[in-house]
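Engineer: So that we are looking at the same thing, I have put the structure below in structure tokens.
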Amino acid sequence: MIFDNSFLYKSLSELGVIEKTLLDDAYEEAKELGQPFAEMLLQRDLISDENLGVLVADMLKVPFIRLDKVSLDREVIEKMPEEMARARGIIVFKIDETATHVAMSNPSDLLSVTFLKKKINRPIKIYYATDRDIRTALFAYRKDVSAMFEEIISKNVGEVDDEKDETPIIRIVETMLVYAYQSRASDIHVEPMEDTTQVRFRIDGVLHDVIALPKKLESQLVSRVKIMSSLPTDEHAAALDGKFEFEVPDMERIDVRVSILPATNGERIVMRILAGNIQQFALLDLGFSDKDIKKVREAYTKPYGMVLATGPTGSGKTTTMYAFLKIMNKRNVNIMTIEDPVEYQIKGINQIQVNPKTNLTFSAGLKSIVRQDPNIILVGEIRDEETAGIAVNAALTGHLVLSTLHTSDAATTIPRLLEMKVEPFLIASSLNLIVAQRLVRKICTNCRESQVIETELIKGEIPEGLIKKFLEQTKKGISLYKGKGCPVCRGTGYVGRVGIYEVMTMSDSLREAIMKKTDAEEIKKIAIKEGMTTMLEDGLVKVKMGVTTIDELLRVIKE
């Protein structure tokens, strides 16, 4: 790190951007472990990589740059040879009439600055970019994914036909994984078609076509993924599940979950990528409003009780739970989880993988965890009556229990627990907080522009009262934002995702309603009366702020 631990600690203390007790605790543990203080802050999600970068740049008296928000032109970045860029942590990202604009992970490195001036031989302007941002930006030296695949196939066309040589297939699979990582894809789909093999990436929750590979590669490609996943290569008629690890050059080791299913035209592969850079779970970056952040903090700092995240598959529930855990992760606390699967390893937390083959189910694992003297327990998902009952009892006997449920909103969580035969007085006594959520794509800040749409277009979708309350109306219509499409967002108009939430805290009136087995609609009315913002309202605030689009909000709300 550019600064030593004590200097960074002092600077952050003076700024007051992190709660003093949390800052002190992280600083003491960093000293005890001999770990860079900045890494400890990021590990605990006390500050995001971007916000830490802004502070560091301010301390260095140089401007800060987020390279993932800049369209990187290969002709420009190649002004600096790739080997030198990697060795020195430097990216040339813009050239104009005033200067050559250069991002560095260590602008205090005078030798590199001197080298730059000699190499470029024109005025340069130095910016600070975080080390992770620099390493991610180095992917810009690579060719377009389609061009890369075509080059591999054309160079090795003879070898591809030779089934004894696996080198071309190995390169194709590795290229697929690296480009998926670079694109922040959560999943890779390899789909057998009649004449081709279609590769698609799921980016920000939406599938995008990447390339159609020749059909003759399909069997070798499937075999290669099976070998990497330790799956039988001679099994073609059964569904197979596996996993493997993959080292992304100069970045990190990622876990890949694999599902292979026989389909009409061949075997279909889906690879789920579990990587730190794709799924960062800093609480402050998830999209909670200040009001809801306060409610959340009050709930997870209680010594016992239950905190639930609800929503459909892919709505970010596990990410929210992990964000809570990372903040609560301290040396003097015993945190244990039972998950299926364990998606992200968190240092200092005891994570257990469900294994039905050994009868290690959620309920059986939870029974064992309670006997391990935990302070905090994460149950990956409450799926059945037994798990629900054990979780509720654990929350009532001095443990803080975090878990997820599949319900449409916060209020319907109560009837769902009642269906699982949890007694009303146990629900009322154990629940601290329910977070219902969805994920919406964020407008690309590089190409965001304002637009005006006719009010009539959304009147049937959103109550008129909410339109008046949350959106800015003019004589021509409603003033909103959209992304017009650019190289940064690959023409989609969106980069990344953010949550929309409704956070329901338990109150005396809600507990009374639960005891009476009041229906979800009435519970929701009580919660709104007591200050709960609904997901739709939270989404409309983000639409007004230009974080997401009205189309995206309506798409997600209807799911």
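Going through the structure tokens in order, the chains are called A, B, and so on, while each chain numbers its residues from 1 and the ligands are numbered from 1 in the order shown.
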Give me the residues within 7 Å of Asn375 in chain A as a list in words, counting only C-alpha atoms and dropping any in the same chain fewer than 5 places off.
Structural biologist: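 After dropping sequence-adjacent residues, the list is Val333, Asn334, Ile335, His399 and Leu400 of chain A.
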Engineer: Looking only at the backbone, which of the residues in range 484-559 of chain A does DSSP tag as strand (DSSP E or B), as a short mmCIF file (atom, residue, chain, number, x, y, z; two decimals) with all heavy atoms, in the first residue's frame?
Structural biologist:
data_model
loop_
_atom_site.label_atom_id
_atom_site.label_comp_id
_atom_site.auth_asym_id
_atom_site.auth_seq_id
_atom_site.Cartn_x
_atom_site.Cartn_y
_atom_site.Cartn_z
N TYR A 494 -26.44 -0.21 -19.66
CA TYR A 494 -26.40 -0.58 -18.24
C TYR A 494 -25.03 -1.14 -17.85
O TYR A 494 -24.40 -1.84 -18.64
CB TYR A 494 -27.45 -1.64 -17.91
CG TYR A 494 -28.88 -1.25 -18.17
CD1 TYR A 494 -29.53 -1.62 -19.35
CD2 TYR A 494 -29.61 -0.52 -17.23
CE1 TYR A 494 -30.85 -1.29 -19.58
CE2 TYR A 494 -30.94 -0.18 -17.45
CZ TYR A 494 -31.55 -0.56 -18.62
OH TYR A 494 -32.86 -0.22 -18.85
N VAL A 495 -24.61 -0.84 -16.62
CA VAL A 495 -23.40 -1.45 -16.06
C VAL A 495 -23.65 -1.75 -14.59
O VAL A 495 -23.89 -0.84 -13.79
CB VAL A 495 -22.16 -0.53 -16.18
CG1 VAL A 495 -20.97 -1.14 -15.45
CG2 VAL A 495 -21.79 -0.30 -17.64
N GLY A 496 -23.60 -3.02 -14.22
CA GLY A 496 -23.78 -3.39 -12.83
C GLY A 496 -25.24 -3.39 -12.40
O GLY A 496 -26.14 -3.03 -13.17
N ARG A 497 -25.45 -3.84 -11.16
CA ARG A 497 -26.81 -3.87 -10.60
C ARG A 497 -26.83 -3.31 -9.18
O ARG A 497 -25.79 -3.25 -8.53
CB ARG A 497 -27.35 -5.31 -10.59
CG ARG A 497 -27.68 -5.83 -11.97
CD ARG A 497 -28.42 -7.15 -11.92
NE ARG A 497 -27.59 -8.25 -11.48
CZ ARG A 497 -28.05 -9.50 -11.29
NH1 ARG A 497 -29.32 -9.77 -11.51
NH2 ARG A 497 -27.24 -10.45 -10.89
N VAL A 498 -28.01 -2.91 -8.76
CA VAL A 498 -28.19 -2.37 -7.41
C VAL A 498 -29.53 -2.89 -6.89
O VAL A 498 -30.43 -3.22 -7.68
CB VAL A 498 -28.15 -0.83 -7.42
CG1 VAL A 498 -29.38 -0.25 -8.11
CG2 VAL A 498 -28.00 -0.25 -6.03
N GLY A 499 -29.67 -2.97 -5.58
CA GLY A 499 -30.89 -3.51 -5.00
C GLY A 499 -31.99 -2.46 -4.85
O GLY A 499 -31.72 -1.27 -4.70
N ILE A 500 -33.22 -2.92 -4.91
CA ILE A 500 -34.35 -2.12 -4.45
C ILE A 500 -34.95 -2.90 -3.28
O ILE A 500 -35.06 -4.13 -3.36
CB ILE A 500 -35.40 -1.82 -5.55
CG1 ILE A 500 -35.91 -3.11 -6.20
CG2 ILE A 500 -34.80 -0.90 -6.60
CD1 ILE A 500 -37.08 -2.89 -7.16
N TYR A 501 -35.32 -2.21 -2.22
CA TYR A 501 -35.62 -2.89 -0.96
C TYR A 501 -36.89 -2.39 -0.30
O TYR A 501 -37.31 -1.25 -0.53
CB TYR A 501 -34.47 -2.67 0.04
CG TYR A 501 -33.13 -3.11 -0.45
CD1 TYR A 501 -32.26 -2.21 -1.07
CD2 TYR A 501 -32.71 -4.43 -0.29
CE1 TYR A 501 -31.02 -2.62 -1.52
CE2 TYR A 501 -31.47 -4.85 -0.75
CZ TYR A 501 -30.62 -3.94 -1.36
OH TYR A 501 -29.39 -4.34 -1.81
N GLU A 502 -37.46 -3.26 0.53
CA GLU A 502 -38.37 -2.82 1.57
C GLU A 502 -37.90 -3.50 2.86
O GLU A 502 -37.65 -4.71 2.89
CB GLU A 502 -39.83 -3.12 1.25
CG GLU A 502 -40.19 -4.55 0.96
CD GLU A 502 -41.65 -4.67 0.51
OE1 GLU A 502 -42.11 -3.80 -0.26
OE2 GLU A 502 -42.32 -5.64 0.92
N VAL A 503 -37.72 -2.70 3.88
CA VAL A 503 -37.15 -3.16 5.15
C VAL A 503 -38.21 -3.03 6.23
O VAL A 503 -38.64 -1.92 6.57
CB VAL A 503 -35.89 -2.35 5.51
CG1 VAL A 503 -35.33 -2.82 6.85
CG2 VAL A 503 -34.84 -2.49 4.41
N MET A 504 -38.64 -4.16 6.76
CA MET A 504 -39.70 -4.18 7.76
C MET A 504 -39.12 -4.58 9.12
O MET A 504 -38.63 -5.68 9.31
CB MET A 504 -40.80 -5.17 7.37
CG MET A 504 -42.04 -5.09 8.23
SD MET A 504 -43.43 -6.05 7.51
CE MET A 504 -43.06 -7.67 8.14
N THR A 505 -39.15 -3.64 10.07
CA THR A 505 -38.69 -3.94 11.43
C THR A 505 -39.89 -4.27 12.30
O THR A 505 -41.00 -3.76 12.09
CB THR A 505 -37.95 -2.72 12.03
OG1 THR A 505 -38.79 -1.57 11.90
CG2 THR A 505 -36.65 -2.45 11.32
#
Engineer: Under the rule that only C-alpha atoms are counted, which of A:Lys484, A:Lys69, A:Lys243, A:Arg272 is the nearest residue to Val190 in chain A?
Structural biologist: A:Arg272
Engineer: Pick from A:Pro63, A:Pro356, A:Gly348, A:Pro303: nearest to Ile376 in chain A, with only C-alpha atoms counted?
Structural biologist: A:Pro303
Engineer: Quick one: everything within 12 Å of Met328 in chain A, counting only C-alpha atoms, minus sequence neighbours fewer than 3 positions away in the same chain. Send it as a short mmCIF file (atom, residue, chain, number, x, y, z; two decimals) with all heavy atoms, in the first residue's frame.
Structural biologist:
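The new file out_22.cif reads:
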data_model
loop_
_atom_site.label_atom_id
_atom_site.label_comp_id
_atom_site.auth_asym_id
_atom_site.auth_seq_id
_atom_site.Cartn_x
_atom_site.Cartn_y
_atom_site.Cartn_z
N LEU A 22 -15.77 0.63 14.87
CA LEU A 22 -15.49 -0.31 13.79
C LEU A 22 -14.10 -0.06 13.21
O LEU A 22 -13.36 -1.00 12.89
CB LEU A 22 -16.54 -0.20 12.69
CG LEU A 22 -17.98 -0.57 13.08
CD1 LEU A 22 -18.93 -0.26 11.92
CD2 LEU A 22 -18.07 -2.04 13.46
N ASP A 25 -11.44 -1.27 15.75
CA ASP A 25 -11.40 -2.73 15.80
C ASP A 25 -10.64 -3.30 14.59
O ASP A 25 -9.81 -4.21 14.72
CB ASP A 25 -12.83 -3.28 15.84
CG ASP A 25 -12.86 -4.77 16.10
OD1 ASP A 25 -12.38 -5.20 17.16
OD2 ASP A 25 -13.37 -5.51 15.23
N ALA A 26 -10.92 -2.75 13.42
CA ALA A 26 -10.25 -3.20 12.19
C ALA A 26 -8.76 -2.88 12.24
O ALA A 26 -7.91 -3.68 11.83
CB ALA A 26 -10.88 -2.55 10.97
N GLN A 43 -11.92 -5.93 3.38
CA GLN A 43 -12.38 -7.27 3.76
C GLN A 43 -13.64 -7.19 4.61
O GLN A 43 -14.56 -7.99 4.48
CB GLN A 43 -11.27 -7.98 4.52
CG GLN A 43 -11.59 -9.40 4.92
CD GLN A 43 -10.44 -10.02 5.69
OE1 GLN A 43 -9.28 -9.95 5.28
NE2 GLN A 43 -10.74 -10.64 6.81
N ARG A 44 -13.67 -6.19 5.49
CA ARG A 44 -14.83 -6.03 6.38
C ARG A 44 -15.92 -5.16 5.77
O ARG A 44 -16.95 -4.91 6.39
CB ARG A 44 -14.38 -5.39 7.71
CG ARG A 44 -13.57 -6.31 8.58
CD ARG A 44 -13.51 -5.77 9.98
NE ARG A 44 -12.81 -6.65 10.88
CZ ARG A 44 -12.71 -6.42 12.18
NH1 ARG A 44 -13.28 -5.35 12.70
NH2 ARG A 44 -12.07 -7.26 12.95
N ASP A 45 -15.67 -4.67 4.56
CA ASP A 45 -16.66 -3.82 3.88
C ASP A 45 -16.98 -2.56 4.66
O ASP A 45 -18.11 -2.06 4.64
CB ASP A 45 -17.94 -4.58 3.59
CG ASP A 45 -17.80 -5.49 2.38
OD1 ASP A 45 -16.97 -5.17 1.52
OD2 ASP A 45 -18.49 -6.50 2.30
N LEU A 46 -15.99 -2.03 5.35
CA LEU A 46 -16.18 -0.76 6.05
C LEU A 46 -16.09 0.41 5.09
O LEU A 46 -16.53 1.52 5.38
CB LEU A 46 -15.15 -0.61 7.17
CG LEU A 46 -15.27 -1.64 8.30
CD1 LEU A 46 -14.15 -1.45 9.32
CD2 LEU A 46 -16.63 -1.54 8.98
N LEU A 283 -21.93 -3.44 2.25
CA LEU A 283 -23.28 -3.01 2.63
C LEU A 283 -23.62 -1.63 2.08
O LEU A 283 -24.71 -1.40 1.58
CB LEU A 283 -23.41 -3.02 4.16
CG LEU A 283 -24.77 -2.64 4.73
CD1 LEU A 283 -25.85 -3.60 4.26
CD2 LEU A 283 -24.73 -2.61 6.25
N ARG A 297 -28.75 -1.87 10.57
CA ARG A 297 -27.68 -1.89 11.58
C ARG A 297 -28.22 -2.18 12.97
O ARG A 297 -27.61 -2.91 13.75
CB ARG A 297 -26.90 -0.58 11.56
CG ARG A 297 -25.91 -0.51 10.41
CD ARG A 297 -25.12 0.77 10.42
NE ARG A 297 -24.02 0.69 9.46
CZ ARG A 297 -23.50 1.76 8.86
NH1 ARG A 297 -23.96 2.96 9.12
NH2 ARG A 297 -22.50 1.61 8.01
N ALA A 299 -30.75 -3.97 13.63
CA ALA A 299 -31.16 -5.38 13.68
C ALA A 299 -29.98 -6.32 13.82
O ALA A 299 -30.02 -7.25 14.64
CB ALA A 299 -31.97 -5.72 12.42
N TYR A 300 -28.92 -6.12 13.03
CA TYR A 300 -27.83 -7.09 13.09
C TYR A 300 -26.87 -6.85 14.26
O TYR A 300 -25.99 -7.68 14.52
CB TYR A 300 -27.09 -7.22 11.75
CG TYR A 300 -26.23 -6.06 11.31
CD1 TYR A 300 -25.12 -5.64 12.04
CD2 TYR A 300 -26.49 -5.40 10.11
CE1 TYR A 300 -24.33 -4.59 11.61
CE2 TYR A 300 -25.70 -4.36 9.67
CZ TYR A 300 -24.61 -3.96 10.43
OH TYR A 300 -23.82 -2.92 10.00
N THR A 301 -27.00 -5.74 14.96
CA THR A 301 -26.16 -5.52 16.14
C THR A 301 -26.83 -6.04 17.42
O THR A 301 -26.22 -6.00 18.48
CB THR A 301 -25.83 -4.02 16.31
OG1 THR A 301 -27.04 -3.25 16.25
CG2 THR A 301 -24.89 -3.54 15.23
N LYS A 302 -28.06 -6.54 17.31
CA LYS A 302 -28.70 -7.16 18.47
C LYS A 302 -28.05 -8.52 18.72
O LYS A 302 -27.65 -9.21 17.77
CB LYS A 302 -30.20 -7.32 18.23
CG LYS A 302 -30.96 -6.01 18.26
CD LYS A 302 -32.44 -6.22 18.02
CE LYS A 302 -33.18 -4.88 18.06
NZ LYS A 302 -34.63 -5.04 17.78
N PRO A 303 -27.93 -8.94 19.99
CA PRO A 303 -27.23 -10.20 20.28
C PRO A 303 -28.01 -11.45 19.90
O PRO A 303 -27.43 -12.53 19.82
CB PRO A 303 -27.01 -10.12 21.80
CG PRO A 303 -28.11 -9.24 22.30
CD PRO A 303 -28.35 -8.23 21.20
N MET A 321 -26.96 -11.05 2.93
CA MET A 321 -26.58 -11.74 4.16
C MET A 321 -25.06 -11.74 4.36
O MET A 321 -24.56 -11.54 5.46
CB MET A 321 -27.08 -13.19 4.12
CG MET A 321 -28.60 -13.34 4.18
SD MET A 321 -29.32 -12.88 5.78
CE MET A 321 -29.96 -11.25 5.42
N TYR A 322 -24.31 -11.95 3.26
CA TYR A 322 -22.85 -11.92 3.36
C TYR A 322 -22.34 -10.53 3.75
O TYR A 322 -21.36 -10.40 4.48
CB TYR A 322 -22.24 -12.33 2.01
CG TYR A 322 -22.13 -13.81 1.77
CD1 TYR A 322 -22.81 -14.73 2.58
CD2 TYR A 322 -21.37 -14.32 0.74
CE1 TYR A 322 -22.72 -16.09 2.35
CE2 TYR A 322 -21.26 -15.69 0.51
CZ TYR A 322 -21.94 -16.57 1.32
OH TYR A 322 -21.84 -17.91 1.10
N ALA A 323 -23.02 -9.51 3.25
CA ALA A 323 -22.61 -8.13 3.61
C ALA A 323 -22.76 -7.91 5.11
O ALA A 323 -21.90 -7.30 5.75
CB ALA A 323 -23.46 -7.12 2.84
N PHE A 324 -23.85 -8.43 5.69
CA PHE A 324 -24.03 -8.34 7.14
C PHE A 324 -22.92 -9.10 7.86
O PHE A 324 -22.32 -8.61 8.82
CB PHE A 324 -25.38 -8.91 7.56
CG PHE A 324 -26.58 -8.19 7.02
CD1 PHE A 324 -27.85 -8.73 7.16
CD2 PHE A 324 -26.47 -6.96 6.38
CE1 PHE A 324 -28.97 -8.08 6.67
CE2 PHE A 324 -27.58 -6.30 5.88
CZ PHE A 324 -28.83 -6.87 6.03
N LEU A 325 -22.66 -10.34 7.40
CA LEU A 325 -21.67 -11.19 8.06
C LEU A 325 -20.28 -10.56 8.06
O LEU A 325 -19.56 -10.62 9.06
CB LEU A 325 -21.59 -12.56 7.37
CG LEU A 325 -22.70 -13.57 7.65
CD1 LEU A 325 -22.35 -14.89 6.99
CD2 LEU A 325 -22.92 -13.78 9.14
N ARG A 331 -12.80 -11.18 15.64
CA ARG A 331 -12.07 -12.29 16.24
C ARG A 331 -12.76 -12.85 17.48
O ARG A 331 -12.60 -14.01 17.83
CB ARG A 331 -10.65 -11.84 16.61
CG ARG A 331 -9.78 -11.45 15.42
CD ARG A 331 -9.44 -12.64 14.54
NE ARG A 331 -8.65 -13.63 15.24
CZ ARG A 331 -7.35 -13.54 15.46
NH1 ARG A 331 -6.68 -12.48 15.01
NH2 ARG A 331 -6.70 -14.49 16.10
N ASN A 332 -13.51 -12.01 18.20
CA ASN A 332 -14.13 -12.45 19.45
C ASN A 332 -15.55 -12.98 19.26
O ASN A 332 -16.29 -13.14 20.20
CB ASN A 332 -14.14 -11.30 20.47
CG ASN A 332 -14.95 -10.11 19.99
OD1 ASN A 332 -15.32 -10.04 18.83
ND2 ASN A 332 -15.23 -9.18 20.89
N VAL A 333 -15.92 -13.24 18.00
CA VAL A 333 -17.26 -13.73 17.68
C VAL A 333 -17.15 -15.04 16.89
O VAL A 333 -16.33 -15.16 15.99
CB VAL A 333 -18.04 -12.68 16.84
CG1 VAL A 333 -19.38 -13.24 16.39
CG2 VAL A 333 -18.25 -11.41 17.64
N ASN A 334 -17.98 -16.02 17.25
CA ASN A 334 -18.01 -17.28 16.53
C ASN A 334 -19.18 -17.26 15.55
O ASN A 334 -20.35 -17.29 15.94
CB ASN A 334 -18.17 -18.45 17.51
CG ASN A 334 -18.21 -19.81 16.80
OD1 ASN A 334 -17.83 -19.93 15.64
ND2 ASN A 334 -18.69 -20.82 17.49
N ILE A 335 -18.85 -17.18 14.25
CA ILE A 335 -19.87 -17.16 13.20
C ILE A 335 -19.82 -18.48 12.46
O ILE A 335 -18.75 -18.91 12.01
CB ILE A 335 -19.64 -15.99 12.21
CG1 ILE A 335 -19.65 -14.65 12.94
CG2 ILE A 335 -20.71 -16.01 11.12
CD1 ILE A 335 -19.36 -13.46 12.05
N MET A 336 -20.97 -19.13 12.31
CA MET A 336 -21.05 -20.40 11.60
C MET A 336 -22.17 -20.35 10.57
O MET A 336 -23.20 -19.72 10.81
CB MET A 336 -21.27 -21.56 12.58
CG MET A 336 -20.19 -21.68 13.63
SD MET A 336 -20.22 -23.25 14.50
CE MET A 336 -19.65 -24.38 13.23
N ILE A 346 -15.36 -16.72 3.25
CA ILE A 346 -15.06 -15.52 4.02
C ILE A 346 -14.11 -15.91 5.14
O ILE A 346 -14.45 -16.75 5.99
CB ILE A 346 -16.32 -14.87 4.62
CG1 ILE A 346 -17.34 -14.57 3.50
CG2 ILE A 346 -15.97 -13.59 5.36
CD1 ILE A 346 -18.65 -13.98 4.00
N GLY A 348 -12.22 -16.32 8.45
CA GLY A 348 -12.63 -16.14 9.84
C GLY A 348 -14.02 -16.65 10.15
O GLY A 348 -14.45 -16.63 11.31
N ILE A 349 -14.74 -17.13 9.13
CA ILE A 349 -16.10 -17.66 9.33
C ILE A 349 -16.11 -19.16 9.04
O ILE A 349 -15.51 -19.60 8.05
CB ILE A 349 -17.12 -16.91 8.44
CG1 ILE A 349 -17.26 -15.45 8.91
CG2 ILE A 349 -18.48 -17.59 8.47
CD1 ILE A 349 -18.20 -14.62 8.09
N ASN A 375 -22.13 -17.49 18.09
CA ASN A 375 -22.82 -16.23 18.39
C ASN A 375 -23.80 -15.89 17.28
O ASN A 375 -24.91 -15.41 17.52
CB ASN A 375 -21.81 -15.07 18.52
CG ASN A 375 -20.80 -15.31 19.62
OD1 ASN A 375 -19.70 -15.73 19.35
ND2 ASN A 375 -21.19 -15.06 20.87
N ILE A 376 -23.34 -16.13 16.04
CA ILE A 376 -24.13 -15.78 14.85
C ILE A 376 -24.21 -16.99 13.94
O ILE A 376 -23.19 -17.67 13.71
CB ILE A 376 -23.49 -14.59 14.10
CG1 ILE A 376 -23.42 -13.36 15.02
CG2 ILE A 376 -24.27 -14.26 12.84
CD1 ILE A 376 -22.47 -12.29 14.55
N ILE A 377 -25.40 -17.26 13.42
CA ILE A 377 -25.61 -18.41 12.53
C ILE A 377 -26.25 -17.92 11.23
O ILE A 377 -27.22 -17.17 11.26
CB ILE A 377 -26.55 -19.45 13.18
CG1 ILE A 377 -26.00 -19.94 14.52
CG2 ILE A 377 -26.79 -20.62 12.23
CD1 ILE A 377 -27.02 -20.75 15.33
N LEU A 378 -25.69 -18.35 10.11
CA LEU A 378 -26.33 -18.11 8.81
C LEU A 378 -26.85 -19.44 8.28
O LEU A 378 -26.09 -20.39 8.10
CB LEU A 378 -25.35 -17.50 7.80
CG LEU A 378 -25.86 -17.46 6.35
CD1 LEU A 378 -27.01 -16.48 6.21
CD2 LEU A 378 -24.75 -17.11 5.37
N LEU A 400 -27.94 -14.91 17.12
CA LEU A 400 -28.42 -14.08 16.03
C LEU A 400 -28.45 -14.97 14.79
O LEU A 400 -27.41 -15.51 14.38
CB LEU A 400 -27.52 -12.87 15.80
CG LEU A 400 -27.98 -11.90 14.70
CD1 LEU A 400 -29.30 -11.24 15.08
CD2 LEU A 400 -26.92 -10.83 14.44
N LEU A 402 -29.35 -15.49 10.77
CA LEU A 402 -29.61 -14.86 9.48
C LEU A 402 -30.03 -15.94 8.50
O LEU A 402 -29.44 -17.03 8.49
CB LEU A 402 -28.36 -14.16 8.95
CG LEU A 402 -27.96 -12.80 9.51
CD1 LEU A 402 -27.59 -12.90 10.99
CD2 LEU A 402 -26.79 -12.20 8.74
#
